[in-house]
Protein chains: 2
Amino acid sequence: MTARAKTEPASPRYDIAALVEALGDVPVVTEPVIVRRRSRDFFWYSPILAEQLKAVAGDIIVQPRDEADVVRTAAACAKLRIPLTVRAGGTGNYGQAMPLEGGVILDMTALNAVLWQKPGVVRVQTGMNLLALDGETRANGFELRMHPSTKRTATVGGFVAGGSGGVGSVAYGGLREPGNILAARIVTVEEQPRILELRQDAAQKVNRAYGTTGIITELEMPLAPAWPWIDVIVAFDTFRDAFEAGRAVALADGVVKKLVTPIAWPIPSYFGSLKAACPEGKAILVCMIAEPFLDSFKAVLGGRGTVTHEAPSQEGPGQVPLYEFSWNHTTLQWLKTDRSITYLQLLYPHDRLEETVFRLMEQFEGEVLPHLEFIRFAGRITCSALPIVRYTTPERLDEIIRIHEDHGVMVANPHVVSLEDGSRHKRADADQLGFKADVDPMGLLNPGKMASYVAVR
Amino acid sequence: MTARAKTEPASPRYDIAALVEALGDVPVVTEPVIVRRRSRDFFWYSPILAEQLKAVAGDIIVQPRDEADVVRTAAACAKLRIPLTVRAGGTGNYGQAMPLEGGVILDMTALNAVLWQKPGVVRVQTGMNLLALDGETRANGFELRMHPSTKRTATVGGFVAGGSGGVGSVAYGGLREPGNILAARIVTVEEQPRILELRQDAAQKVNRAYGTTGIITELEMPLAPAWPWIDVIVAFDTFRDAFEAGRAVALADGVVKKLVTPIAWPIPSYFGSLKAACPEGKAILVCMIAEPFLDSFKAVLGGRGTVTHEAPSQEGPGQVPLYEFSWNHTTLQWLKTDRSITYLQLLYPHDRLEETVFRLMEQFEGEVLPHLEFIRFAGRITCSALPIVRYTTPERLDEIIRIHEDHGVMVANPHVVSLEDGSRHKRADADQLGFKADVDPMGLLNPGKMASYVAVR
């Protein structure tokens with residue numbers, strides 16, 4: 001953790017009055033209670049960050065109506081040396097878009113239009129809500145290849161800037177895979193901001209950079225055919241049974257699927273509205289299967305387990321889609337009633353998947369509770385994981401992480417604020433670091449997150 | 001090879017006159033030249049089968065107009081103990097549907113209607129041509145998940161009865177994968193034929209059984225979204241370069257693709273109409289990529305190789321789609337001008353793919369010329385292969401096969417007539433063998449192909 005990550009209250013060190021003046025008619029909010037609330041995300045999932053970041057707040061919310069407003073804000077921040085943290089849905093889980101050094105909260109949610117669609121591709125403004133975007137693409141028979149479990153509240157820009165994959169990654173891999181982000185348009189933070197179009201590989205410079213490498217205003221995203229999805233829960237006597245059935249489903253290329261999630265008991269005991277489908281003491285497998293291939297899915301199960309829930313996936317108001325019990329929503333379900341637990345983010349080696357999962361499961365029995373997500377990674381089926389951790393001390397959490405790493409498990413630590421500490425490789429992507437010098441030379445974008453960047457202010 | 005596979009001329013041992021009488025108004029053809037021509041397939045790809053099967057001919061062609069005609073024919077053949085070999089496009093490569101014991105050629109091509117479609121699924125009569133079927137499904141935005149390189153002349157029934165996979169298997173695996181055949185309706189060969197509906201796993205009883213396990217009248221097949229496909233050829237200095245680029249493309253889950261085919265020089269020197277795209281001495285990679293993701297495909301290439309051909313895939317009259325240079329059409333391109341070569345059908349182990357490919361390539365340099373097909377198999381990327389073999393003797397061909405098997409390569413020998421000899425496991429599928437006793441107890445369906453079945457006549 002760097003000195004920067006230490007949190008101060010919103011400070012008068014920035015000339016906010018001059019900023020407001022420079023912004024002209026760009027909408028702003030300065031009411032401290034609102035600014036403080038909009039400075040937070042789900043950082044409290046981590047008991048460590050909950051303490052470290054609790055006082056973090058920006059100084060002002062700026063609400064651009066269009067890209068011109070974004071450019072105006074970027075120019076003003078550059079001139080006045082005011083940090084600028086881009087945000088939208090605020091659904092991050094480890095303070096990705098919390099303004100560690102105060103300054104401007106750039107609320108992108110008004111940039112929420114679909115610019116164009118063609119079969120297989122959508123161009124959209126980054127502040128668009130993912131569920132709303134789905135409504136627009138689904139009208140043409142398409143949907144995003146993947147989305148976070150926060151689809152109903154998150155934005156496409158937040159997903160690309162903070163996410164690595166999600167519901168759909170079992171078929172398409174992560175956002176980092178070539179083809180999963182087709183283009184990004186960004187505004188640089190300079191006194192004379194530039195607008196850059198990044199295509200294909202270059203677009204990866206904004207993926208999971210937490211908004212440190214330019215202000216993304218537009219994204220061009222690939223689409224998948226929109227199937228009618230069926231939510232399914234299958235209960236098994238043991239977690240190993242759920243794992244093996246899930247692996248068979250994940251490997252079945254003839255079965256169109258979007259989610260394959262084995263979860264160990266007692267995690268499902270916290271699944272309030274789904275309790276009837278989560279029998280006492282049973283591990284469950286949570287799946288989303290394309291309706292025409294549901295029978296093929298059951299053929300792959302081959303009689304293993306008991307289907308306890310099967311219904312069309314519904315995600316409208318008042319409805320709870322099954323994916324809100326997967327990925328990091330699994331953790332949230334438990335945290336709703338018990339804040340003594342936390343979680344980790346793991347990626348298992350594809351060639352020693354089963355042995356590694358079960359060796360670590362035994363070693364940490366009762367302390368690290370398995371929750372896996374089958375995904376494709378670099379063309380191979382493996383598991384990402386967001387296990388529930390019964391938290392004791394920061395030292396023990398570090399030890400758990402170290403032991404996982406010793407077994408070849410990649411850990412993206414969600415208990416640290418910098419993207420370096422939180423990355424699997426403990427460093428910033430070289431492309432992203434170099435690119436930052438070009439697009440944010442003064443290091444004003446979300447400072448403290450790309451900690452290895454040395455600003456020239 | 002069993003005694004049965006020895007070929008006799010069409011014999012008077014069957015009471016064809018009684019058959020014609022029993023068939024009533026069911027159309028038949030008895031003109032010997034036509035019957036003989038319609039008894040053949042592309043068995044001559046194999047110099048061994050070319051000799052063995054050259055005299056094979058049925059006694060009569062029966063052309064059912066509907067399922068009732070099929071039932072009537074099955075009943076008559078059962079009563080009269082006349083063998084019955086089901087055929088359609090006649091595009092098989094190793095005598096799969098040649099009437100080793102004469103008798104009836106059951107020509108299914110008049111059963112060619114789409115029965116119904118819904119998003120993701122089509123129900124079709126088995127005699128329907130694959131290109132015509134594509135026209136019907138594409139109107140609704142869908143296409144078959146995979147097809148043989150003979151799509152323009154083959155039928156869906158022939159593909160399921162004789163095929164293992166093809167163009168599209170790089171994304172969906174083979175026909176044997178759960179979900180890749182949803183249902184089959186068959187007529188049994190008994191004095192009182194039954195009609196059976198086989199769904200999911202049960203439908204596999206007709207896959208690659210060469211029509212020995214019932215007469216398939218209808219198939220329910222899963223569909224994939226119909227993308228506009230771009231045919232691409234990329235040239236490389238070495239076959240290893242083509243292999244490595246192909247593997248990267250095959251593993252790129254973000255790039256929607258249907259064909260990834262590395263081919264060693266000098267095979268492309270036989271690609272007549274494509275010669276301009278096949279530079280002297282270069283290995284090529286033949287691909288079909290969904291148009292919206294062509295740039296992502298090129299990003300995966302990352303500057304490797306030279307794109308020498310890039311055009312929308314066209315398969316209408318007078319046009320030659322690129323897939324007619326892949327799978328076993330690759331072999332055909334060479335055979336058009338030189339019948340001294342033949343081929344093999346291989347499946348490489350996914351976990352030792354590269355080392356095995358290149359070890360065998362070195363060992364058989366100049367004799368076995370690499371032509372790989374990247375596919376998914378049981379959820380993993382590996383290669384199927386149809387190498388060109390410079391043929392010398394049957395003994396040497398056997399030795400080549402044995403050495404490949406010694407290296408863990410599965411060989412589906414296309415130089416033998418029985419499905420046991422030709423299967424990777426050298427035996428009939430137990431389910432299929434048991435099922436045959438139920439649906440064809442007298443062993444009248446395509447006799448000699450499921451050689452381990454002991455008929456009760």
# chains A, B, ... in the order shown; residues from 1 in each chain; ligands from 1
$ residues_around --residues "stretch 173-179 of chain B" --least-positions-apart "3" --cutoff "7 Å" --atoms "only C-alpha atoms" --output "PDB file with N, CA, C and O atoms, in the first residue's frame"
ATOM      1  N   ALA A 252     -18.974 -29.301 -22.407  1.00  0.00           N
ATOM      2  CA  ALA A 252     -19.915 -29.778 -23.436  1.00  0.00           C
ATOM      3  C   ALA A 252     -20.173 -28.662 -24.441  1.00  0.00           C
ATOM      4  O   ALA A 252     -21.047 -27.817 -24.250  1.00  0.00           O
ATOM      5  N   ASP A 253     -19.417 -28.675 -25.533  1.00  0.00           N
ATOM      6  CA  ASP A 253     -19.518 -27.594 -26.509  1.00  0.00           C
ATOM      7  C   ASP A 253     -20.855 -27.586 -27.244  1.00  0.00           C
ATOM      8  O   ASP A 253     -21.217 -26.598 -27.871  1.00  0.00           O
ATOM      9  N   GLY A 254     -21.585 -28.686 -27.171  1.00  0.00           N
ATOM     10  CA  GLY A 254     -22.893 -28.737 -27.817  1.00  0.00           C
ATOM     11  C   GLY A 254     -24.010 -28.120 -26.988  1.00  0.00           C
ATOM     12  O   GLY A 254     -25.127 -27.996 -27.469  1.00  0.00           O
ATOM     13  N   VAL A 255     -23.706 -27.754 -25.749  1.00  0.00           N
ATOM     14  CA  VAL A 255     -24.723 -27.184 -24.859  1.00  0.00           C
ATOM     15  C   VAL A 255     -24.443 -25.685 -24.695  1.00  0.00           C
ATOM     16  O   VAL A 255     -23.425 -25.302 -24.124  1.00  0.00           O
ATOM     17  N   PHE A 293     -31.611 -26.073 -25.583  1.00  0.00           N
ATOM     18  CA  PHE A 293     -30.616 -27.098 -25.302  1.00  0.00           C
ATOM     19  C   PHE A 293     -30.670 -27.584 -23.847  1.00  0.00           C
ATOM     20  O   PHE A 293     -29.739 -28.217 -23.351  1.00  0.00           O
ATOM     21  N   SER A 296     -30.404 -31.288 -23.608  1.00  0.00           N
ATOM     22  CA  SER A 296     -29.015 -31.730 -23.814  1.00  0.00           C
ATOM     23  C   SER A 296     -28.201 -31.515 -22.536  1.00  0.00           C
ATOM     24  O   SER A 296     -27.354 -32.340 -22.173  1.00  0.00           O
ATOM     25  N   VAL A 300     -26.231 -34.337 -20.327  1.00  0.00           N
ATOM     26  CA  VAL A 300     -24.856 -34.271 -19.820  1.00  0.00           C
ATOM     27  C   VAL A 300     -24.823 -34.585 -18.317  1.00  0.00           C
ATOM     28  O   VAL A 300     -23.927 -35.283 -17.837  1.00  0.00           O
TER      29      VAL A 300
ATOM     30  N   SER B 164     -18.567 -37.501 -38.695  1.00  0.00           N
ATOM     31  CA  SER B 164     -18.179 -37.298 -37.301  1.00  0.00           C
ATOM     32  C   SER B 164     -18.137 -35.823 -36.935  1.00  0.00           C
ATOM     33  O   SER B 164     -18.213 -35.457 -35.773  1.00  0.00           O
ATOM     34  N   GLY B 165     -18.035 -34.981 -37.936  1.00  0.00           N
ATOM     35  CA  GLY B 165     -17.953 -33.548 -37.680  1.00  0.00           C
ATOM     36  C   GLY B 165     -17.552 -32.869 -38.965  1.00  0.00           C
ATOM     37  O   GLY B 165     -17.653 -33.465 -40.044  1.00  0.00           O
ATOM     38  N   SER B 169     -16.881 -27.641 -36.451  1.00  0.00           N
ATOM     39  CA  SER B 169     -16.473 -28.427 -35.277  1.00  0.00           C
ATOM     40  C   SER B 169     -15.412 -27.711 -34.446  1.00  0.00           C
ATOM     41  O   SER B 169     -15.195 -28.060 -33.290  1.00  0.00           O
ATOM     42  N   VAL B 170     -14.757 -26.710 -35.018  1.00  0.00           N
ATOM     43  CA  VAL B 170     -13.795 -25.931 -34.234  1.00  0.00           C
ATOM     44  C   VAL B 170     -14.521 -25.124 -33.152  1.00  0.00           C
ATOM     45  O   VAL B 170     -13.922 -24.737 -32.156  1.00  0.00           O
ATOM     46  N   LEU B 182     -30.237 -33.646 -31.769  1.00  0.00           N
ATOM     47  CA  LEU B 182     -31.242 -33.559 -30.707  1.00  0.00           C
ATOM     48  C   LEU B 182     -32.201 -34.746 -30.734  1.00  0.00           C
ATOM     49  O   LEU B 182     -32.642 -35.212 -29.692  1.00  0.00           O
ATOM     50  N   GLN B 200     -31.900 -37.084 -27.682  1.00  0.00           N
ATOM     51  CA  GLN B 200     -30.652 -36.819 -26.937  1.00  0.00           C
ATOM     52  C   GLN B 200     -29.680 -38.001 -27.047  1.00  0.00           C
ATOM     53  O   GLN B 200     -29.392 -38.422 -28.139  1.00  0.00           O
ATOM     54  N   ASP B 201     -29.224 -38.542 -25.915  1.00  0.00           N
ATOM     55  CA  ASP B 201     -28.257 -39.636 -25.953  1.00  0.00           C
ATOM     56  C   ASP B 201     -28.686 -40.759 -26.888  1.00  0.00           C
ATOM     57  O   ASP B 201     -27.868 -41.336 -27.611  1.00  0.00           O
ATOM     58  N   GLN B 204     -27.767 -40.797 -30.523  1.00  0.00           N
ATOM     59  CA  GLN B 204     -26.398 -41.156 -30.917  1.00  0.00           C
ATOM     60  C   GLN B 204     -26.324 -42.569 -31.500  1.00  0.00           C
ATOM     61  O   GLN B 204     -25.337 -42.944 -32.125  1.00  0.00           O
ATOM     62  N   ILE B 375     -10.189 -28.575 -34.143  1.00  0.00           N
ATOM     63  CA  ILE B 375     -11.556 -28.865 -33.703  1.00  0.00           C
ATOM     64  C   ILE B 375     -11.619 -28.780 -32.179  1.00  0.00           C
ATOM     65  O   ILE B 375     -10.586 -28.816 -31.508  1.00  0.00           O
ATOM     66  N   ARG B 376     -12.819 -28.689 -31.682  1.00  0.00           N
ATOM     67  CA  ARG B 376     -13.028 -28.969 -30.266  1.00  0.00           C
ATOM     68  C   ARG B 376     -13.391 -30.439 -30.141  1.00  0.00           C
ATOM     69  O   ARG B 376     -14.151 -30.975 -30.946  1.00  0.00           O
ATOM     70  N   PHE B 377     -12.839 -31.090 -29.144  1.00  0.00           N
ATOM     71  CA  PHE B 377     -13.151 -32.489 -28.903  1.00  0.00           C
ATOM     72  C   PHE B 377     -13.271 -32.658 -27.394  1.00  0.00           C
ATOM     73  O   PHE B 377     -12.304 -32.398 -26.666  1.00  0.00           O
TER      74      PHE B 377
END
$ residues_around --residues "B:Pro99" --least-positions-apart "3" --cutoff "6 Å" --atoms "only C-alpha atoms" --output "JSON, numbers by chain"
{"B": [58, 85, 102]}
$ closest_residue --among "B:Phe358, B:Tyr14, B:Phe297, B:Tyr210" --to "B:Gly90" --atoms "only C-alpha atoms"
B:Tyr210
$ select_by_dssp --residues "stretch 319-374 of chain A" --states "strand (DSSP E or B)" --output "VMD selection string"
chain A and resid 341 to 343 346 to 347 368 to 369 371 to 374
$ select_by_dssp --residues "stretch 57-230 of chain B" --states "alpha helix (DSSP H)" --output "PyMOL selection string"
chain B and resi 67-80+130-138+156-162+169-172
$ decode --residues "stretch 173-185 of chain A" --atoms "all heavy atoms" --output "compact mmCIF listing (two decimals), in the first residue's frame"
# COMPACT_ATOMS: atom_id res chain seq x y z
N GLY A 173 -14.78 -16.55 -22.68
CA GLY A 173 -13.57 -16.11 -21.99
C GLY A 173 -13.77 -14.73 -21.38
O GLY A 173 -14.90 -14.26 -21.24
N GLY A 174 -12.67 -14.10 -21.00
CA GLY A 174 -12.76 -12.81 -20.32
C GLY A 174 -12.72 -11.64 -21.28
O GLY A 174 -12.54 -11.79 -22.48
N LEU A 175 -12.87 -10.44 -20.72
CA LEU A 175 -12.82 -9.22 -21.52
C LEU A 175 -11.47 -9.05 -22.20
O LEU A 175 -11.35 -8.39 -23.22
CB LEU A 175 -13.09 -8.00 -20.63
CG LEU A 175 -14.55 -7.77 -20.24
CD1 LEU A 175 -14.64 -6.73 -19.12
CD2 LEU A 175 -15.36 -7.31 -21.44
N ARG A 176 -10.44 -9.66 -21.62
CA ARG A 176 -9.11 -9.52 -22.17
C ARG A 176 -8.90 -10.32 -23.46
O ARG A 176 -7.93 -10.11 -24.19
CB ARG A 176 -8.09 -9.96 -21.11
CG ARG A 176 -6.66 -9.69 -21.48
CD ARG A 176 -5.72 -9.95 -20.32
NE ARG A 176 -6.02 -9.05 -19.21
CZ ARG A 176 -5.22 -8.88 -18.16
NH1 ARG A 176 -4.09 -9.56 -18.09
NH2 ARG A 176 -5.54 -8.05 -17.20
N GLU A 177 -9.75 -11.28 -23.72
CA GLU A 177 -9.62 -12.09 -24.94
C GLU A 177 -9.74 -11.20 -26.19
O GLU A 177 -10.63 -10.35 -26.24
CB GLU A 177 -10.75 -13.12 -25.01
CG GLU A 177 -10.55 -14.32 -24.13
CD GLU A 177 -9.40 -15.20 -24.61
OE1 GLU A 177 -9.28 -15.44 -25.82
OE2 GLU A 177 -8.62 -15.63 -23.75
N PRO A 178 -8.90 -11.44 -27.19
CA PRO A 178 -9.05 -10.68 -28.43
C PRO A 178 -10.49 -10.81 -28.96
O PRO A 178 -11.03 -11.91 -29.00
CB PRO A 178 -8.08 -11.37 -29.38
CG PRO A 178 -7.07 -12.03 -28.50
CD PRO A 178 -7.81 -12.43 -27.25
N GLY A 179 -11.07 -9.67 -29.31
CA GLY A 179 -12.42 -9.68 -29.84
C GLY A 179 -13.49 -9.38 -28.82
O GLY A 179 -14.64 -9.14 -29.19
N ASN A 180 -13.15 -9.38 -27.54
CA ASN A 180 -14.20 -9.13 -26.54
C ASN A 180 -14.39 -7.66 -26.20
O ASN A 180 -15.37 -7.31 -25.54
CB ASN A 180 -13.96 -9.99 -25.30
CG ASN A 180 -14.40 -11.43 -25.53
OD1 ASN A 180 -15.14 -11.71 -26.48
ND2 ASN A 180 -13.95 -12.36 -24.70
N ILE A 181 -13.47 -6.81 -26.65
CA ILE A 181 -13.70 -5.35 -26.67
C ILE A 181 -13.23 -4.90 -28.05
O ILE A 181 -12.05 -5.06 -28.38
CB ILE A 181 -12.88 -4.59 -25.59
CG1 ILE A 181 -13.16 -5.15 -24.19
CG2 ILE A 181 -13.17 -3.09 -25.64
CD1 ILE A 181 -12.19 -4.62 -23.12
N LEU A 182 -14.11 -4.41 -28.87
CA LEU A 182 -13.71 -4.12 -30.25
C LEU A 182 -13.07 -2.74 -30.39
O LEU A 182 -12.15 -2.56 -31.18
CB LEU A 182 -14.91 -4.23 -31.19
CG LEU A 182 -15.52 -5.65 -31.26
CD1 LEU A 182 -16.74 -5.65 -32.16
CD2 LEU A 182 -14.50 -6.68 -31.73
N ALA A 183 -13.54 -1.77 -29.62
CA ALA A 183 -12.96 -0.43 -29.69
C ALA A 183 -13.39 0.38 -28.48
O ALA A 183 -14.43 0.11 -27.87
CB ALA A 183 -13.39 0.28 -30.97
N ALA A 184 -12.55 1.35 -28.14
CA ALA A 184 -12.87 2.29 -27.07
C ALA A 184 -12.47 3.69 -27.53
O ALA A 184 -11.44 3.86 -28.18
CB ALA A 184 -12.12 1.94 -25.79
N ARG A 185 -13.31 4.65 -27.23
CA ARG A 185 -12.99 6.05 -27.54
C ARG A 185 -12.73 6.73 -26.20
O ARG A 185 -13.52 6.61 -25.27
CB ARG A 185 -14.19 6.68 -28.25
CG ARG A 185 -14.03 8.13 -28.63
CD ARG A 185 -15.25 8.52 -29.46
NE ARG A 185 -15.45 9.95 -29.55
CZ ARG A 185 -15.26 10.65 -30.68
NH1 ARG A 185 -14.88 10.03 -31.78
NH2 ARG A 185 -15.47 11.95 -30.71
